[in-house]
Amino acid sequence: MTTVTDVIAVEQEHLLQVYRRGSVVFERGRGCRLFDANGRSYLDLISGVGVASLGHAHPGLAAAIADQAQQLLHTSNLFFHPLQGELATRLSSLSGLPRAFFCNSGAEAVEASLKFARRYWHTQGQPRSGFVAFERSFHGRTMGALSVTWDDHYRGPFKPLIPDVTFVAPDDIDGLRTAVTERTAAVIVEPLQGEGGIRPIGGDMARAINAACENTGALIIADEVQCGLGRTGRPFYSPVVGLQPDLMAIGKSLGAGVPIAATLFSERVAAAAAFGDHGSTYGGNLLACRAALVFLEELVDGGLMSHVARVGAHTEARLHELAVRHPFIREIRGAGLMWGLDLDRPAAPIVDAAIQQGLLVNRTAETVIRLLPPYIITAEEIDEGIGLLDAALIAAFGGQQR
Ligand SMILES: Cc1ncc(COP(=O)(O)O)c(C=O)c1O
């Protein structure tokens, strides 16, 4: 049997050391549970950072992947296959944005959004290079996406990044109005910030972005990689806050574990693209599209989005009860099945304490415990998870509950 020590030893010798992992080795999963090499079960409230939307070893997804593997996995974008158009049609009816470009990760979806915002202005014959982004934003690790990501911890070692990016505080409406000018190609915003600590932008800020972009012509890029595609119990979070995007980046839950992401475009922006402008070898291959189609069928036709809304409301109520018991939880933020518990202290000890309890959660923005459970989670599993989290909070910060 492979032990945790063996796995760590071989990784330490041969892997680039960029991940600080929890000390557990997973071998299999089922529904909302993962099992380690000793057969111990863990309730998964993070779903591989918001990716395993259908849980683990979903029978319908597993069958579709196996079936697709026996037909055809990949042909590249040199040729047609039937699934990209089918998937783009479904995404278009869900988002109202009529065109899609498929890629493999959220960062790539953001990268394409930035490129095509500039492409749009290039085609207008008035090139614009500027981007306006927000403090606490996270858009990914490639050079372009990193350039609009706020935290200097991620950016510092890789400078110089792309120039002409202005960061605005999410509550600074005057700052936003000043920052967006006729040199701004686009404003990029997560309508519900994820890595930044599960923070929705306010309706006032969303309206200010719409107005500033209307006045200057700047485009709006919504990064819905984490909060989109039913995660909040709604198809996307932009309409919830009143944001009207021209481009949208999506990923994470789309492939339910198979890597696929997409940039969605308004017709006006898409019209600026020309053959050869952009591309991806793997992007939108048959395997990835097939998985995404299974996910969307479950989400829309299978009623999963309404399930997220229902279980999400239950989760919210239970989290508020938990906060009453633990005064060091200073705020609960989120929607649907995307929640942050903001503590008055570093949240890191909770991650290990939760693992000890057989629970998987994550820490973000130093003080925030983040929950992104699979969409299929039941109210009973949420209750179980909150019970385990309660025990982990007591174990980590013992004796502080009311
Ligand atoms: C809002 C947002 N955008 C982009 C990304 C980058 O996605 P990926 O890690 O798939 O490149 C993330 C990842 O956490 C994200 O939360």
# chains A, B, ... in the order shown; residues from 1 in each chain; ligands from 1
$ residues_around --residues "A:Val258" --least-positions-apart "6" --cutoff "10 Å" --atoms "only C-alpha atoms" --output "JSON list (two decimals) with N, CA, C and O atoms, in the first residue's frame"
[["chain", "number", "residue", "atom", "x", "y", "z"],
["A", 51, "VAL", "N", -14.87, 22.36, -8.72],
["A", 51, "VAL", "CA", -14.86, 21.70, -10.03],
["A", 51, "VAL", "C", -15.79, 20.48, -10.08],
["A", 51, "VAL", "O", -16.55, 20.32, -11.04],
["A", 52, "ALA", "N", -15.73, 19.62, -9.06],
["A", 52, "ALA", "CA", -16.49, 18.36, -9.10],
["A", 52, "ALA", "C", -17.96, 18.65, -8.83],
["A", 52, "ALA", "O", -18.55, 18.24, -7.83],
["A", 61, "LEU", "N", -21.97, 10.62, -15.76],
["A", 61, "LEU", "CA", -20.76, 11.23, -16.32],
["A", 61, "LEU", "C", -19.73, 10.15, -16.66],
["A", 61, "LEU", "O", -19.12, 10.15, -17.73],
["A", 65, "ILE", "N", -18.23, 9.47, -20.38],
["A", 65, "ILE", "CA", -16.79, 9.57, -20.64],
["A", 65, "ILE", "C", -16.28, 8.26, -21.25],
["A", 65, "ILE", "O", -15.53, 8.26, -22.23],
["A", 104, "ASN", "N", -9.08, 25.33, -21.85],
["A", 104, "ASN", "CA", -8.88, 24.24, -20.89],
["A", 104, "ASN", "C", -8.83, 24.66, -19.43],
["A", 104, "ASN", "O", -8.81, 23.81, -18.56],
["A", 252, "LYS", "N", -14.15, 25.81, -14.29],
["A", 252, "LYS", "CA", -14.38, 25.02, -13.07],
["A", 252, "LYS", "C", -15.48, 23.97, -13.22],
["A", 252, "LYS", "O", -15.22, 22.89, -13.70],
["A", 287, "LEU", "N", -13.95, 14.77, -25.72],
["A", 287, "LEU", "CA", -14.08, 14.31, -24.33],
["A", 287, "LEU", "C", -14.59, 15.43, -23.43],
["A", 287, "LEU", "O", -15.55, 15.27, -22.67],
["A", 288, "ALA", "N", -13.94, 16.59, -23.54],
["A", 288, "ALA", "CA", -14.29, 17.72, -22.67],
["A", 288, "ALA", "C", -15.71, 18.21, -22.95],
["A", 288, "ALA", "O", -16.49, 18.48, -22.03],
["A", 289, "CYS", "N", -16.06, 18.31, -24.23],
["A", 289, "CYS", "CA", -17.41, 18.79, -24.57],
["A", 289, "CYS", "C", -18.47, 17.79, -24.11],
["A", 289, "CYS", "O", -19.53, 18.19, -23.62],
["A", 290, "ARG", "N", -18.17, 16.52, -24.24],
["A", 290, "ARG", "CA", -19.16, 15.50, -23.83],
["A", 290, "ARG", "C", -19.43, 15.62, -22.33],
["A", 290, "ARG", "O", -20.58, 15.59, -21.87],
["A", 291, "ALA", "N", -18.36, 15.79, -21.55],
["A", 291, "ALA", "CA", -18.52, 15.94, -20.09],
["A", 291, "ALA", "C", -19.33, 17.19, -19.79],
["A", 291, "ALA", "O", -20.25, 17.17, -18.95],
["A", 292, "ALA", "N", -19.02, 18.28, -20.46],
["A", 292, "ALA", "CA", -19.74, 19.54, -20.20],
["A", 292, "ALA", "C", -21.22, 19.41, -20.57],
["A", 292, "ALA", "O", -22.08, 19.98, -19.89]]
$ residues_around --residues "A:Ala274" --least-positions-apart "4" --cutoff "10 Å" --atoms "only C-alpha atoms" --output "list in words"
Arg119, Thr123, Ala270 and His278 of chain A
$ closest_atom_pairs --of "chain A" --to "ligand 1" --cutoff "6 Å" --atoms "only C-alpha atoms and all ligand atoms" --output "tab-separated table"
residue	atom	partner	partner_atom_place_in_ligand_line	distance
A:Ser105	CA	ligand 1	10 (O)	3.9
A:Gly106	CA	ligand 1	7 (O)	3.3
A:Ala107	CA	ligand 1	11 (O)	3.6
A:Phe138	CA	ligand 1	2 (C)	5.5
A:His139	CA	ligand 1	3 (N)	3.8
A:Gly140	CA	ligand 1	6 (C)	3.8
A:Glu190	CA	ligand 1	1 (C)	5.9
A:Gly194	CA	ligand 1	16 (O)	5.3
A:Glu195	CA	ligand 1	16 (O)	5.8
A:Asp223	CA	ligand 1	1 (C)	5.4
A:Glu224	CA	ligand 1	1 (C)	5.9
A:Val225	CA	ligand 1	2 (C)	4.7
A:Gln226	CA	ligand 1	16 (O)	4.6
$ select_by_dssp --residues "stretch 226-344 of chain A" --states "helix (DSSP H, G or I)" --output "number ranges by chain"
A: 238-241, 252-255, 267-270, 286-301, 304-325
$ atom_distance --atom1 "atom CA of A:Asp246" --atom2 "atom CA of A:Tyr154"
27.1 Å
$ closest_residue --among "A:Gly387, A:Ile250, A:Ile198, A:Gly203" --to "A:Glu331" --atoms "only C-alpha atoms"
A:Ile198
$ residues_around --residues "stretch 76-83 of chain A" --least-positions-apart "4" --cutoff "10 Å" --atoms "only C-alpha atoms" --output "ChimeraX atom specification"
/A:72,87-89,279-290,292-293
$ write_last_selection --atoms "all heavy atoms" --output "short mmCIF file (atom, residue, chain, number, x, y, z; two decimals), in the first residue's frame"
data_model
loop_
_atom_site.label_atom_id
_atom_site.label_comp_id
_atom_site.auth_asym_id
_atom_site.auth_seq_id
_atom_site.Cartn_x
_atom_site.Cartn_y
_atom_site.Cartn_z
N LEU A 72 -14.25 8.57 -29.86
CA LEU A 72 -13.26 9.54 -30.34
C LEU A 72 -13.02 10.55 -29.23
O LEU A 72 -13.97 11.09 -28.67
CB LEU A 72 -13.83 10.25 -31.57
CG LEU A 72 -12.91 11.14 -32.40
CD1 LEU A 72 -11.72 10.35 -32.94
CD2 LEU A 72 -13.70 11.75 -33.57
N LEU A 87 -22.59 22.33 -27.52
CA LEU A 87 -22.27 22.93 -26.21
C LEU A 87 -22.39 24.45 -26.25
O LEU A 87 -22.96 25.07 -25.34
CB LEU A 87 -20.85 22.50 -25.80
CG LEU A 87 -20.36 22.99 -24.45
CD1 LEU A 87 -21.30 22.57 -23.33
CD2 LEU A 87 -18.95 22.44 -24.18
N ALA A 88 -21.89 25.06 -27.33
CA ALA A 88 -21.97 26.52 -27.46
C ALA A 88 -23.43 26.97 -27.49
O ALA A 88 -23.79 28.00 -26.91
CB ALA A 88 -21.24 26.98 -28.72
N THR A 89 -24.28 26.19 -28.15
CA THR A 89 -25.71 26.55 -28.23
C THR A 89 -26.32 26.55 -26.82
O THR A 89 -27.06 27.47 -26.44
CB THR A 89 -26.46 25.53 -29.12
OG1 THR A 89 -25.79 25.47 -30.38
CG2 THR A 89 -27.91 25.94 -29.33
N GLY A 279 -6.27 30.39 -30.51
CA GLY A 279 -6.51 28.96 -30.69
C GLY A 279 -5.99 28.16 -29.52
O GLY A 279 -5.35 28.69 -28.61
N SER A 280 -6.31 26.86 -29.54
CA SER A 280 -5.86 25.96 -28.48
C SER A 280 -5.88 24.55 -29.07
O SER A 280 -6.86 24.16 -29.71
CB SER A 280 -6.81 26.05 -27.30
OG SER A 280 -6.66 24.93 -26.46
N THR A 281 -4.81 23.80 -28.87
CA THR A 281 -4.78 22.44 -29.42
C THR A 281 -5.88 21.58 -28.81
O THR A 281 -6.65 20.94 -29.51
CB THR A 281 -3.41 21.78 -29.14
OG1 THR A 281 -2.41 22.58 -29.76
CG2 THR A 281 -3.35 20.37 -29.71
N TYR A 282 -5.95 21.57 -27.48
CA TYR A 282 -6.94 20.71 -26.81
C TYR A 282 -8.34 21.32 -26.78
O TYR A 282 -9.32 20.60 -26.61
CB TYR A 282 -6.56 20.50 -25.34
CG TYR A 282 -5.36 19.66 -25.07
CD1 TYR A 282 -4.32 20.16 -24.29
CD2 TYR A 282 -5.28 18.36 -25.54
CE1 TYR A 282 -3.22 19.37 -23.99
CE2 TYR A 282 -4.17 17.58 -25.25
CZ TYR A 282 -3.14 18.09 -24.47
OH TYR A 282 -2.06 17.33 -24.16
N GLY A 283 -8.41 22.64 -26.84
CA GLY A 283 -9.65 23.37 -26.50
C GLY A 283 -10.90 22.78 -27.13
O GLY A 283 -10.99 22.67 -28.35
N GLY A 284 -11.87 22.42 -26.31
CA GLY A 284 -13.16 21.93 -26.81
C GLY A 284 -13.06 20.58 -27.48
O GLY A 284 -13.83 20.32 -28.41
N ASN A 285 -12.16 19.70 -27.03
CA ASN A 285 -12.13 18.39 -27.69
C ASN A 285 -13.37 17.57 -27.30
O ASN A 285 -14.18 17.99 -26.47
CB ASN A 285 -10.79 17.67 -27.49
CG ASN A 285 -10.64 16.97 -26.16
OD1 ASN A 285 -11.58 16.83 -25.39
ND2 ASN A 285 -9.42 16.54 -25.88
N LEU A 286 -13.53 16.42 -27.96
CA LEU A 286 -14.79 15.69 -27.80
C LEU A 286 -15.01 15.23 -26.36
O LEU A 286 -16.13 15.30 -25.84
CB LEU A 286 -14.82 14.47 -28.74
CG LEU A 286 -14.98 14.83 -30.21
CD1 LEU A 286 -13.65 14.69 -30.92
CD2 LEU A 286 -16.04 14.00 -30.89
N LEU A 287 -13.95 14.77 -25.72
CA LEU A 287 -14.08 14.31 -24.33
C LEU A 287 -14.59 15.43 -23.43
O LEU A 287 -15.55 15.27 -22.67
CB LEU A 287 -12.73 13.80 -23.81
CG LEU A 287 -12.75 13.37 -22.34
CD1 LEU A 287 -13.52 12.07 -22.17
CD2 LEU A 287 -11.34 13.24 -21.80
N ALA A 288 -13.94 16.59 -23.54
CA ALA A 288 -14.29 17.72 -22.67
C ALA A 288 -15.71 18.21 -22.95
O ALA A 288 -16.49 18.48 -22.03
CB ALA A 288 -13.27 18.84 -22.87
N CYS A 289 -16.06 18.31 -24.23
CA CYS A 289 -17.41 18.79 -24.57
C CYS A 289 -18.47 17.79 -24.11
O CYS A 289 -19.53 18.19 -23.62
CB CYS A 289 -17.54 19.00 -26.08
SG CYS A 289 -16.66 20.44 -26.66
N ARG A 290 -18.17 16.52 -24.24
CA ARG A 290 -19.16 15.50 -23.83
C ARG A 290 -19.43 15.62 -22.33
O ARG A 290 -20.58 15.59 -21.87
CB ARG A 290 -18.62 14.11 -24.20
CG ARG A 290 -19.53 12.96 -23.89
CD ARG A 290 -20.69 12.84 -24.89
NE ARG A 290 -21.58 11.78 -24.50
CZ ARG A 290 -21.51 10.52 -24.91
NH1 ARG A 290 -20.58 10.17 -25.79
NH2 ARG A 290 -22.37 9.61 -24.49
N ALA A 292 -19.02 18.28 -20.46
CA ALA A 292 -19.74 19.54 -20.20
C ALA A 292 -21.22 19.41 -20.57
O ALA A 292 -22.08 19.98 -19.89
CB ALA A 292 -19.08 20.68 -20.98
N LEU A 293 -21.51 18.66 -21.63
CA LEU A 293 -22.92 18.47 -22.01
C LEU A 293 -23.67 17.67 -20.94
O LEU A 293 -24.83 17.97 -20.65
CB LEU A 293 -23.00 17.78 -23.38
CG LEU A 293 -22.70 18.72 -24.56
CD1 LEU A 293 -22.43 17.93 -25.84
CD2 LEU A 293 -23.84 19.72 -24.77
#
$ residues_around --residues "A:Arg20" --least-positions-apart "3" --cutoff "12 Å" --atoms "only C-alpha atoms" --output "short mmCIF file (atom, residue, chain, number, x, y, z; two decimals) with all heavy atoms, in the first residue's frame"
data_model
loop_
_atom_site.label_atom_id
_atom_site.label_comp_id
_atom_site.auth_asym_id
_atom_site.auth_seq_id
_atom_site.Cartn_x
_atom_site.Cartn_y
_atom_site.Cartn_z
N ILE A 8 4.67 11.72 -0.51
CA ILE A 8 5.32 13.01 -0.26
C ILE A 8 6.79 12.93 -0.68
O ILE A 8 7.31 13.83 -1.34
CB ILE A 8 5.18 13.44 1.22
CG1 ILE A 8 3.71 13.74 1.52
CG2 ILE A 8 6.04 14.66 1.52
CD1 ILE A 8 3.40 14.04 2.97
N GLU A 11 7.16 13.06 -4.49
CA GLU A 11 6.82 14.41 -4.98
C GLU A 11 7.93 15.40 -4.67
O GLU A 11 8.27 16.24 -5.49
CB GLU A 11 5.50 14.90 -4.37
CG GLU A 11 4.28 14.26 -4.98
CD GLU A 11 3.06 15.18 -4.99
OE1 GLU A 11 3.16 16.32 -4.48
OE2 GLU A 11 2.02 14.76 -5.52
N GLN A 12 8.48 15.27 -3.46
CA GLN A 12 9.52 16.23 -3.06
C GLN A 12 10.73 16.11 -3.96
O GLN A 12 11.44 17.07 -4.21
CB GLN A 12 9.90 16.04 -1.60
CG GLN A 12 8.93 16.79 -0.72
CD GLN A 12 9.21 16.66 0.76
OE1 GLN A 12 9.99 15.79 1.15
NE2 GLN A 12 8.56 17.47 1.56
N LEU A 15 8.63 16.80 -8.18
CA LEU A 15 7.64 17.80 -8.59
C LEU A 15 8.10 19.21 -8.27
O LEU A 15 8.75 19.43 -7.24
CB LEU A 15 6.29 17.56 -7.89
CG LEU A 15 5.26 16.84 -8.76
CD1 LEU A 15 5.61 15.37 -8.86
CD2 LEU A 15 3.87 17.01 -8.22
N LEU A 16 7.76 20.13 -9.14
CA LEU A 16 7.98 21.55 -8.84
C LEU A 16 7.21 21.86 -7.56
O LEU A 16 6.02 21.57 -7.46
CB LEU A 16 7.46 22.40 -10.00
CG LEU A 16 7.79 23.89 -9.89
CD1 LEU A 16 9.28 24.13 -10.15
CD2 LEU A 16 6.95 24.70 -10.88
N GLN A 17 7.89 22.43 -6.60
CA GLN A 17 7.27 22.58 -5.28
C GLN A 17 6.50 23.90 -5.20
O GLN A 17 6.99 24.89 -4.66
CB GLN A 17 8.34 22.47 -4.19
CG GLN A 17 8.97 21.08 -4.11
CD GLN A 17 7.96 20.00 -3.71
OE1 GLN A 17 7.42 20.03 -2.61
NE2 GLN A 17 7.70 19.05 -4.60
N SER A 23 -2.05 16.76 4.21
CA SER A 23 -1.39 15.45 4.31
C SER A 23 -2.38 14.30 4.20
O SER A 23 -2.65 13.60 5.19
CB SER A 23 -0.65 15.34 5.64
OG SER A 23 0.35 16.29 5.67
N VAL A 24 -2.91 14.11 3.01
CA VAL A 24 -3.84 13.01 2.81
C VAL A 24 -3.72 12.60 1.34
O VAL A 24 -3.49 13.45 0.47
CB VAL A 24 -5.29 13.42 3.22
CG1 VAL A 24 -5.73 14.67 2.54
CG2 VAL A 24 -6.29 12.31 3.02
N ALA A 348 -6.22 29.23 8.56
CA ALA A 348 -5.45 28.05 8.16
C ALA A 348 -5.58 26.87 9.12
O ALA A 348 -5.73 25.72 8.66
CB ALA A 348 -3.99 28.43 7.97
N VAL A 351 -8.27 24.12 8.36
CA VAL A 351 -8.18 23.16 7.26
C VAL A 351 -7.68 21.81 7.80
O VAL A 351 -8.28 20.76 7.53
CB VAL A 351 -7.27 23.71 6.14
CG1 VAL A 351 -7.09 22.68 5.04
CG2 VAL A 351 -7.87 25.00 5.58
#
$ residues_around --residues "A:Trp121" --least-positions-apart "6" --cutoff "12 Å" --atoms "only C-alpha atoms" --output "VMD selection string"
chain A and resid 114 to 115 127 to 130 182 to 186 217 to 219 268 to 273
$ residues_around --residues "A:Val300" --least-positions-apart "3" --cutoff "10 Å" --atoms "only C-alpha atoms" --output "list of chain:residue names"
A:Arg90, A:Leu94, A:Leu229, A:Gly230, A:Pro235, A:Phe295, A:Leu296, A:Glu297, A:Gly303, A:Leu304, A:Met305, A:Ser306
$ write_last_selection --atoms "N, CA, C and O atoms" --output "PDB file, in the first residue's frame"
ATOM      1  N   ARG A  90     -25.974  25.530 -26.040  1.00  0.00           N
ATOM      2  CA  ARG A  90     -26.528  25.452 -24.676  1.00  0.00           C
ATOM      3  C   ARG A  90     -26.016  26.604 -23.816  1.00  0.00           C
ATOM      4  O   ARG A  90     -26.767  27.207 -23.054  1.00  0.00           O
ATOM      5  N   LEU A  94     -28.124  29.785 -21.998  1.00  0.00           N
ATOM      6  CA  LEU A  94     -28.027  30.007 -20.548  1.00  0.00           C
ATOM      7  C   LEU A  94     -27.523  31.417 -20.223  1.00  0.00           C
ATOM      8  O   LEU A  94     -27.937  32.039 -19.246  1.00  0.00           O
ATOM      9  N   LEU A 229     -22.353  29.305 -13.730  1.00  0.00           N
ATOM     10  CA  LEU A 229     -22.837  27.963 -14.079  1.00  0.00           C
ATOM     11  C   LEU A 229     -23.558  27.265 -12.933  1.00  0.00           C
ATOM     12  O   LEU A 229     -23.296  26.096 -12.640  1.00  0.00           O
ATOM     13  N   GLY A 230     -24.451  28.001 -12.284  1.00  0.00           N
ATOM     14  CA  GLY A 230     -25.327  27.376 -11.288  1.00  0.00           C
ATOM     15  C   GLY A 230     -24.752  27.293  -9.888  1.00  0.00           C
ATOM     16  O   GLY A 230     -25.440  26.883  -8.953  1.00  0.00           O
ATOM     17  N   PRO A 235     -28.066  30.769 -12.988  1.00  0.00           N
ATOM     18  CA  PRO A 235     -27.127  30.403 -14.061  1.00  0.00           C
ATOM     19  C   PRO A 235     -25.787  31.149 -13.935  1.00  0.00           C
ATOM     20  O   PRO A 235     -24.721  30.548 -14.019  1.00  0.00           O
ATOM     21  N   PHE A 295     -22.929  17.695 -17.769  1.00  0.00           N
ATOM     22  CA  PHE A 295     -23.114  18.635 -16.649  1.00  0.00           C
ATOM     23  C   PHE A 295     -24.302  19.564 -16.922  1.00  0.00           C
ATOM     24  O   PHE A 295     -25.175  19.742 -16.060  1.00  0.00           O
ATOM     25  N   LEU A 296     -24.353  20.162 -18.119  1.00  0.00           N
ATOM     26  CA  LEU A 296     -25.426  21.127 -18.395  1.00  0.00           C
ATOM     27  C   LEU A 296     -26.797  20.453 -18.431  1.00  0.00           C
ATOM     28  O   LEU A 296     -27.796  21.047 -18.032  1.00  0.00           O
ATOM     29  N   GLU A 297     -26.811  19.210 -18.895  1.00  0.00           N
ATOM     30  CA  GLU A 297     -28.090  18.501 -18.908  1.00  0.00           C
ATOM     31  C   GLU A 297     -28.589  18.290 -17.471  1.00  0.00           C
ATOM     32  O   GLU A 297     -29.762  18.512 -17.173  1.00  0.00           O
ATOM     33  N   GLY A 303     -32.711  19.525 -13.181  1.00  0.00           N
ATOM     34  CA  GLY A 303     -33.173  20.253 -11.987  1.00  0.00           C
ATOM     35  C   GLY A 303     -32.079  20.541 -10.959  1.00  0.00           C
ATOM     36  O   GLY A 303     -32.377  20.938  -9.822  1.00  0.00           O
ATOM     37  N   LEU A 304     -30.801  20.365 -11.351  1.00  0.00           N
ATOM     38  CA  LEU A 304     -29.736  20.550 -10.357  1.00  0.00           C
ATOM     39  C   LEU A 304     -29.616  22.009  -9.891  1.00  0.00           C
ATOM     40  O   LEU A 304     -29.286  22.270  -8.737  1.00  0.00           O
ATOM     41  N   MET A 305     -29.925  22.947 -10.807  1.00  0.00           N
ATOM     42  CA  MET A 305     -29.799  24.362 -10.414  1.00  0.00           C
ATOM     43  C   MET A 305     -30.806  24.707  -9.303  1.00  0.00           C
ATOM     44  O   MET A 305     -30.459  25.397  -8.338  1.00  0.00           O
ATOM     45  N   SER A 306     -32.040  24.204  -9.432  1.00  0.00           N
ATOM     46  CA  SER A 306     -33.021  24.476  -8.366  1.00  0.00           C
ATOM     47  C   SER A 306     -32.606  23.768  -7.080  1.00  0.00           C
ATOM     48  O   SER A 306     -32.823  24.285  -5.976  1.00  0.00           O
TER      49      SER A 306
END
